[in-house]
Number of protein chains: 2
Amino acid sequence: MSLYSPRLTRLIDALRRLPGVGPKSAQRMAFHLLDRDRDAARLLATALDDALSGIARCPDCRMFKEDDECRYCGPARRQSGQLCVVEGPADLVAIEQGTPFRGRYFVLMGRLSPLDGMGPDELGLPRLAETLGEGDVQELIIATNPTVEGEATAYYLAEMAKSRGIRVTRIAHGVPMGGELEYVDGGTLSHALSGRQPV
Amino acid sequence: MSLYSPRLTRLIDALRRLPGVGPKSAQRMAFHLLDRDRDAARLLATALDDALSGIARCPDCRMFKEDDECRYCGPARRQSGQLCVVEGPADLVAIEQGTPFRGRYFVLMGRLSPLDGMGPDELGLPRLAETLGEGDVQELIIATNPTVEGEATAYYLAEMAKSRGIRVTRIAHGVPMGGELEYVDGGTLSHALSGRQPV
């Protein structure tokens with residue numbers, strides 16, 4: 001006899017596929033939903049169905065979109081002449097939420113990592129090349145993460161844009177605001193030093 | 001303009017109602033489901049629907065059940081003459097998984113806590129009283145948590161059973177297996193000392 005009844009097992013297994021959820025958390029979530037918050041369970045089921053049927057990718061910026069018009073690809077944004085490349089949707093949201101940048105985006109949905117089967121095609125770089133070829137983009141802002149793969153991706157993107165005569169910039173990496181030099185790691189500190197600016 | 005599109009907002013809000021999930025985790029889960037694992041999203045939606053429609057409470061032990069017969073209330077378990085009271089379904093599963101106990105259970109789905117509106121009726125104690133009155137139960141094993149409310153609940157349950165002449169036991173509290181005396185808190189150590197057993 002398995003530990004749970006079949007339906008409960010299926011629910012727990014499904015919850016375990018969420019990122020960051022292990023067997024104990026999944027069990028806790030399932031019991032919480034069944035015991036105390038059946039409304040939330042109903043809501044979640046509906047929201048999932050709705051999202052699956054209604055949310056697609058914008059062919060231009062590869063961000064999720066659910067209306068006919070992508071909210072990140074409008075003519076106002078096109079006019080800015082800036083295009084910011086990020087690794088994932090969460091990065092886009094972070095920039096949109098934390099900065100005044102209101103240009104266009106391109107979401108790679110990953111980073112160059114040949115060992116994981118992530119090449120230029122998987123990241124939609126042919127589409128990005130088309131966009132860069134349209135002549136609207138004056139500056140390509142590269143906001144990939146400062147990891148080995150992120151840096152490799154940044155290098156690749158920079159070459160793409162430079163070959164088309166487009167200005168390329170990379171967001172600054174250095175000591176975070178409120179951070180203390182004493183506790184910042186060496187790599188970050190070297191970046192901060194080599195990227196010093198005249199005041 | 002809100003940060004996310006309406007469907008995405010609804011999905012993130014629904015995920016936030018899971019226990020232990022904050023805004024950042026919910027966003028990460030939503031993006032993961034939409035971007036990388038649409039199968040998991042589909043599976044979860046179905047599992048939730050199935051669970052909501054198919055899982056009910058056993059009127060006798062208050063555990064979740066989905067078949068006509070409750071798997072924890074069969075005649076074999078009744079014959080053991082033992083009934084173990086736990087606070088929640090996860091506690092039942094932990095005992096079932098970790099111990100050879102195969103008697104009946106009673107799941108309180110909470111603990112006595114008048115300030116939170118949890119009284120004897122909310123915990124189904126009238127039903128437990130009926131069960132105790134049937135004469136099958138020779139021993140009531142109290143396995144509520146060793147918290148203030150858990151202890152109060154244990155005291156209440158013990159009185160209920162004693163007034164019916166039923167033997168009452170409480171699971172032992174003490175130093176956990178593999179624990180070191182040096183690092184065990186004072187309350188646990190006092191419990192362990194006062195609950196010492198002849199060897």
# chains A, B, ... in the order shown; residues from 1 in each chain; ligands from 1
$ closest_atom_pairs --of "chain A" --to "chain B" --cutoff "7 Å" --atoms "only C-alpha atoms" --output "CSV"
residue,atom,partner,partner_atom,distance
A:Arg7,CA,B:Ala51,CA,5.7
A:Leu8,CA,B:Ala51,CA,6.5
A:Arg10,CA,B:Ala47,CA,6.0
A:Leu11,CA,B:Ala47,CA,4.9
A:Ala14,CA,B:Leu44,CA,4.9
A:Leu15,CA,B:Leu44,CA,6.6
A:Arg17,CA,B:Ala40,CA,6.3
A:Leu18,CA,B:Met29,CA,6.0
A:Pro19,CA,B:Met29,CA,6.0
A:Met29,CA,B:Pro19,CA,6.0
A:Ala40,CA,B:Arg17,CA,6.3
A:Ala41,CA,B:Leu48,CA,6.3
A:Leu43,CA,B:Ala14,CA,6.1
A:Leu44,CA,B:Ala14,CA,5.0
A:Ala45,CA,B:Ala45,CA,4.4
A:Ala47,CA,B:Leu11,CA,4.9
A:Leu48,CA,B:Ala45,CA,6.0
A:Asp49,CA,B:Ala45,CA,6.6
A:Asp50,CA,B:Arg7,CA,6.7
A:Ala51,CA,B:Arg7,CA,5.7
$ write_last_selection --atoms "C-alpha atoms" --output "PDB file, in the first residue's frame"
ATOM      1  CA  ARG A   7      -5.222  11.413  -6.090  1.00  0.00           C
ATOM      2  CA  LEU A   8      -3.204  12.789  -3.208  1.00  0.00           C
ATOM      3  CA  ARG A  10      -0.680  12.803  -7.973  1.00  0.00           C
ATOM      4  CA  LEU A  11      -1.231  16.203  -6.365  1.00  0.00           C
ATOM      5  CA  ALA A  14       2.622  17.699  -9.383  1.00  0.00           C
ATOM      6  CA  LEU A  15       3.509  20.216  -6.662  1.00  0.00           C
ATOM      7  CA  ARG A  17       7.668  19.841 -10.035  1.00  0.00           C
ATOM      8  CA  LEU A  18       7.524  23.483  -8.969  1.00  0.00           C
ATOM      9  CA  PRO A  19      11.044  24.904  -8.593  1.00  0.00           C
ATOM     10  CA  MET A  29       1.196  22.429   0.356  1.00  0.00           C
ATOM     11  CA  ALA A  40      -6.799  28.736  -3.218  1.00  0.00           C
ATOM     12  CA  ALA A  41      -6.646  25.321  -4.884  1.00  0.00           C
ATOM     13  CA  LEU A  43      -8.042  29.568  -7.908  1.00  0.00           C
ATOM     14  CA  LEU A  44      -4.696  28.009  -8.763  1.00  0.00           C
ATOM     15  CA  ALA A  45      -6.233  25.386 -11.035  1.00  0.00           C
ATOM     16  CA  ALA A  47      -5.147  30.410 -13.097  1.00  0.00           C
ATOM     17  CA  LEU A  48      -2.978  27.613 -14.496  1.00  0.00           C
ATOM     18  CA  ASP A  49      -5.547  26.720 -17.161  1.00  0.00           C
ATOM     19  CA  ASP A  50      -5.967  30.377 -18.085  1.00  0.00           C
ATOM     20  CA  ALA A  51      -2.244  30.987 -18.242  1.00  0.00           C
TER      21      ALA A  51
END
$ atom_distance --atom1 "atom CA of Ile171 of chain A" --atom2 "atom CA of Ala192 of chain A"
11.9 Å
$ residues_around --residues "Gln82 of chain B" --least-positions-apart "6" --cutoff "8 Å" --atoms "only C-alpha atoms" --output "PyMOL selection string"
chain B and resi 103-104+137-141
$ write_last_selection --atoms "C-alpha atoms" --output "PDB file, in the first residue's frame"
ATOM      1  CA  GLY B 103      -4.040   1.113  15.000  1.00  0.00           C
ATOM      2  CA  ARG B 104      -6.704   3.698  14.295  1.00  0.00           C
ATOM      3  CA  VAL B 137     -10.725   1.545  22.157  1.00  0.00           C
ATOM      4  CA  GLN B 138      -8.538   0.203  24.957  1.00  0.00           C
ATOM      5  CA  GLU B 139      -5.763   2.766  24.701  1.00  0.00           C
ATOM      6  CA  LEU B 140      -5.771   6.382  23.607  1.00  0.00           C
ATOM      7  CA  ILE B 141      -2.296   7.428  22.426  1.00  0.00           C
TER       8      ILE B 141
END
$ atom_distance --atom1 "atom CA of Asp185 of chain B" --atom2 "atom CA of Tyr155 of chain B"
23.2 Å
$ residues_around --residues "segment 110-114 of chain B" --least-positions-apart "2" --cutoff "9 Å" --atoms "only C-alpha atoms" --output "PDB file with C-alpha atoms, in the first residue's frame"
ATOM      1  CA  VAL B  86      -2.592  13.631  16.028  1.00  0.00           C
ATOM      2  CA  GLU B  87      -2.890  17.303  15.129  1.00  0.00           C
ATOM      3  CA  GLY B  88      -2.669  17.072  11.351  1.00  0.00           C
ATOM      4  CA  VAL B 107      -6.849  13.715  13.152  1.00  0.00           C
ATOM      5  CA  LEU B 108      -7.786  16.903  15.010  1.00  0.00           C
ATOM      6  CA  ASP B 116      -7.951  31.357  17.109  1.00  0.00           C
ATOM      7  CA  GLY B 117     -11.491  30.052  17.419  1.00  0.00           C
ATOM      8  CA  MET B 118     -10.367  26.418  17.716  1.00  0.00           C
ATOM      9  CA  GLY B 119     -12.543  24.811  20.363  1.00  0.00           C
ATOM     10  CA  PRO B 120     -13.571  21.185  20.966  1.00  0.00           C
ATOM     11  CA  GLU B 122     -13.838  22.573  15.569  1.00  0.00           C
ATOM     12  CA  LEU B 123     -11.513  19.670  16.413  1.00  0.00           C
ATOM     13  CA  THR B 144      -0.077  16.154  19.783  1.00  0.00           C
ATOM     14  CA  GLU B 149      -1.484  24.443  22.787  1.00  0.00           C
ATOM     15  CA  GLY B 150      -0.531  20.851  22.052  1.00  0.00           C
ATOM     16  CA  ALA B 152      -3.388  21.810  26.605  1.00  0.00           C
ATOM     17  CA  THR B 153      -5.064  19.696  23.943  1.00  0.00           C
ATOM     18  CA  TYR B 156      -8.205  17.842  27.519  1.00  0.00           C
TER      19      TYR B 156
END
$ atom_distance --atom1 "atom CA of Asp121 of chain A" --atom2 "atom CA of His173 of chain A"
27.5 Å
$ select_by_dssp --residues "chain A" --states "strand (DSSP E or B)" --output "MDAnalysis selection string"
chainID A and resid 56:57 64:65 82:86 104:107 113 118 139:142 167:170
$ write_last_selection --atoms "N, CA, C and O atoms" --output "PDB file, in the first residue's frame"
ATOM      1  N   ALA A  56       1.300  33.500 -24.415  1.00  0.00           N
ATOM      2  CA  ALA A  56       2.218  33.016 -25.450  1.00  0.00           C
ATOM      3  C   ALA A  56       3.498  33.846 -25.379  1.00  0.00           C
ATOM      4  O   ALA A  56       3.670  34.655 -24.485  1.00  0.00           O
ATOM      5  N   ARG A  57       4.400  33.630 -26.312  1.00  0.00           N
ATOM      6  CA  ARG A  57       5.620  34.419 -26.394  1.00  0.00           C
ATOM      7  C   ARG A  57       5.461  35.489 -27.460  1.00  0.00           C
ATOM      8  O   ARG A  57       4.924  35.201 -28.537  1.00  0.00           O
ATOM      9  N   PHE A  64       6.753  36.868 -22.347  1.00  0.00           N
ATOM     10  CA  PHE A  64       5.376  36.379 -22.339  1.00  0.00           C
ATOM     11  C   PHE A  64       4.441  37.514 -22.726  1.00  0.00           C
ATOM     12  O   PHE A  64       4.618  38.649 -22.309  1.00  0.00           O
ATOM     13  N   LYS A  65       3.424  37.201 -23.517  1.00  0.00           N
ATOM     14  CA  LYS A  65       2.400  38.214 -23.799  1.00  0.00           C
ATOM     15  C   LYS A  65       1.065  37.515 -23.887  1.00  0.00           C
ATOM     16  O   LYS A  65       0.983  36.332 -24.205  1.00  0.00           O
ATOM     17  N   GLN A  82      16.860  52.063 -27.951  1.00  0.00           N
ATOM     18  CA  GLN A  82      17.642  51.195 -27.081  1.00  0.00           C
ATOM     19  C   GLN A  82      17.011  49.811 -27.010  1.00  0.00           C
ATOM     20  O   GLN A  82      15.787  49.685 -26.969  1.00  0.00           O
ATOM     21  N   LEU A  83      17.852  48.789 -26.983  1.00  0.00           N
ATOM     22  CA  LEU A  83      17.357  47.425 -26.824  1.00  0.00           C
ATOM     23  C   LEU A  83      18.206  46.746 -25.763  1.00  0.00           C
ATOM     24  O   LEU A  83      19.435  46.730 -25.859  1.00  0.00           O
ATOM     25  N   CYS A  84      17.527  46.225 -24.742  1.00  0.00           N
ATOM     26  CA  CYS A  84      18.231  45.622 -23.623  1.00  0.00           C
ATOM     27  C   CYS A  84      18.070  44.102 -23.690  1.00  0.00           C
ATOM     28  O   CYS A  84      16.955  43.597 -23.749  1.00  0.00           O
ATOM     29  N   VAL A  85      19.181  43.374 -23.692  1.00  0.00           N
ATOM     30  CA  VAL A  85      19.114  41.915 -23.755  1.00  0.00           C
ATOM     31  C   VAL A  85      19.266  41.335 -22.349  1.00  0.00           C
ATOM     32  O   VAL A  85      20.229  41.647 -21.641  1.00  0.00           O
ATOM     33  N   VAL A  86      18.296  40.516 -21.928  1.00  0.00           N
ATOM     34  CA  VAL A  86      18.351  39.876 -20.602  1.00  0.00           C
ATOM     35  C   VAL A  86      18.235  38.361 -20.764  1.00  0.00           C
ATOM     36  O   VAL A  86      17.795  37.879 -21.812  1.00  0.00           O
ATOM     37  N   ARG A 104      13.213  48.875 -25.622  1.00  0.00           N
ATOM     38  CA  ARG A 104      12.753  47.529 -25.946  1.00  0.00           C
ATOM     39  C   ARG A 104      13.642  46.509 -25.248  1.00  0.00           C
ATOM     40  O   ARG A 104      14.707  46.836 -24.715  1.00  0.00           O
ATOM     41  N   TYR A 105      13.156  45.272 -25.249  1.00  0.00           N
ATOM     42  CA  TYR A 105      13.906  44.188 -24.616  1.00  0.00           C
ATOM     43  C   TYR A 105      14.095  43.052 -25.601  1.00  0.00           C
ATOM     44  O   TYR A 105      13.369  42.945 -26.598  1.00  0.00           O
ATOM     45  N   PHE A 106      15.036  42.191 -25.264  1.00  0.00           N
ATOM     46  CA  PHE A 106      15.091  40.890 -25.929  1.00  0.00           C
ATOM     47  C   PHE A 106      15.419  39.862 -24.851  1.00  0.00           C
ATOM     48  O   PHE A 106      16.446  39.967 -24.177  1.00  0.00           O
ATOM     49  N   VAL A 107      14.505  38.910 -24.658  1.00  0.00           N
ATOM     50  CA  VAL A 107      14.679  37.921 -23.599  1.00  0.00           C
ATOM     51  C   VAL A 107      15.240  36.644 -24.208  1.00  0.00           C
ATOM     52  O   VAL A 107      14.601  36.010 -25.049  1.00  0.00           O
ATOM     53  N   SER A 113      25.273  28.033 -23.746  1.00  0.00           N
ATOM     54  CA  SER A 113      25.849  26.965 -22.940  1.00  0.00           C
ATOM     55  C   SER A 113      25.780  25.690 -23.761  1.00  0.00           C
ATOM     56  O   SER A 113      24.852  24.894 -23.609  1.00  0.00           O
ATOM     57  N   MET A 118      22.296  24.743 -25.392  1.00  0.00           N
ATOM     58  CA  MET A 118      21.781  26.091 -25.622  1.00  0.00           C
ATOM     59  C   MET A 118      22.734  26.830 -26.559  1.00  0.00           C
ATOM     60  O   MET A 118      23.776  27.356 -26.123  1.00  0.00           O
ATOM     61  N   GLU A 139      21.445  51.476 -29.730  1.00  0.00           N
ATOM     62  CA  GLU A 139      22.303  50.994 -28.641  1.00  0.00           C
ATOM     63  C   GLU A 139      21.802  49.638 -28.158  1.00  0.00           C
ATOM     64  O   GLU A 139      20.614  49.474 -27.853  1.00  0.00           O
ATOM     65  N   LEU A 140      22.704  48.688 -28.071  1.00  0.00           N
ATOM     66  CA  LEU A 140      22.364  47.384 -27.520  1.00  0.00           C
ATOM     67  C   LEU A 140      22.932  47.317 -26.107  1.00  0.00           C
ATOM     68  O   LEU A 140      24.151  47.409 -25.926  1.00  0.00           O
ATOM     69  N   ILE A 141      22.027  47.220 -25.125  1.00  0.00           N
ATOM     70  CA  ILE A 141      22.471  47.163 -23.727  1.00  0.00           C
ATOM     71  C   ILE A 141      22.472  45.705 -23.299  1.00  0.00           C
ATOM     72  O   ILE A 141      21.424  45.047 -23.325  1.00  0.00           O
ATOM     73  N   ILE A 142      23.619  45.187 -22.927  1.00  0.00           N
ATOM     74  CA  ILE A 142      23.701  43.767 -22.564  1.00  0.00           C
ATOM     75  C   ILE A 142      23.597  43.623 -21.053  1.00  0.00           C
ATOM     76  O   ILE A 142      24.426  44.154 -20.310  1.00  0.00           O
ATOM     77  N   ARG A 167      26.144  50.594 -31.417  1.00  0.00           N
ATOM     78  CA  ARG A 167      26.837  50.833 -30.160  1.00  0.00           C
ATOM     79  C   ARG A 167      26.434  49.765 -29.153  1.00  0.00           C
ATOM     80  O   ARG A 167      25.249  49.435 -29.034  1.00  0.00           O
ATOM     81  N   VAL A 168      27.404  49.220 -28.450  1.00  0.00           N
ATOM     82  CA  VAL A 168      27.117  48.163 -27.476  1.00  0.00           C
ATOM     83  C   VAL A 168      27.541  48.618 -26.086  1.00  0.00           C
ATOM     84  O   VAL A 168      28.648  49.135 -25.917  1.00  0.00           O
ATOM     85  N   THR A 169      26.684  48.445 -25.109  1.00  0.00           N
ATOM     86  CA  THR A 169      27.078  48.729 -23.722  1.00  0.00           C
ATOM     87  C   THR A 169      26.729  47.520 -22.859  1.00  0.00           C
ATOM     88  O   THR A 169      25.907  46.692 -23.229  1.00  0.00           O
ATOM     89  N   ARG A 170      27.407  47.484 -21.700  1.00  0.00           N
ATOM     90  CA  ARG A 170      27.159  46.369 -20.776  1.00  0.00           C
ATOM     91  C   ARG A 170      26.823  47.018 -19.446  1.00  0.00           C
ATOM     92  O   ARG A 170      27.466  48.005 -19.070  1.00  0.00           O
TER      93      ARG A 170
END
$ closest_residue --among "B:Gly195, B:Gly186, B:Pro59, B:Pro23" --to "Leu125 of chain B" --atoms "only C-alpha atoms"
B:Pro59
$ select_by_dssp --residues "segment 2-198 of chain A" --states "helix (DSSP H, G or I)" --output "ChimeraX atom specification"
/A:6-16,23-35,38-54,75-79,89-98,114-116,125-133,148-162,181-183,186-194
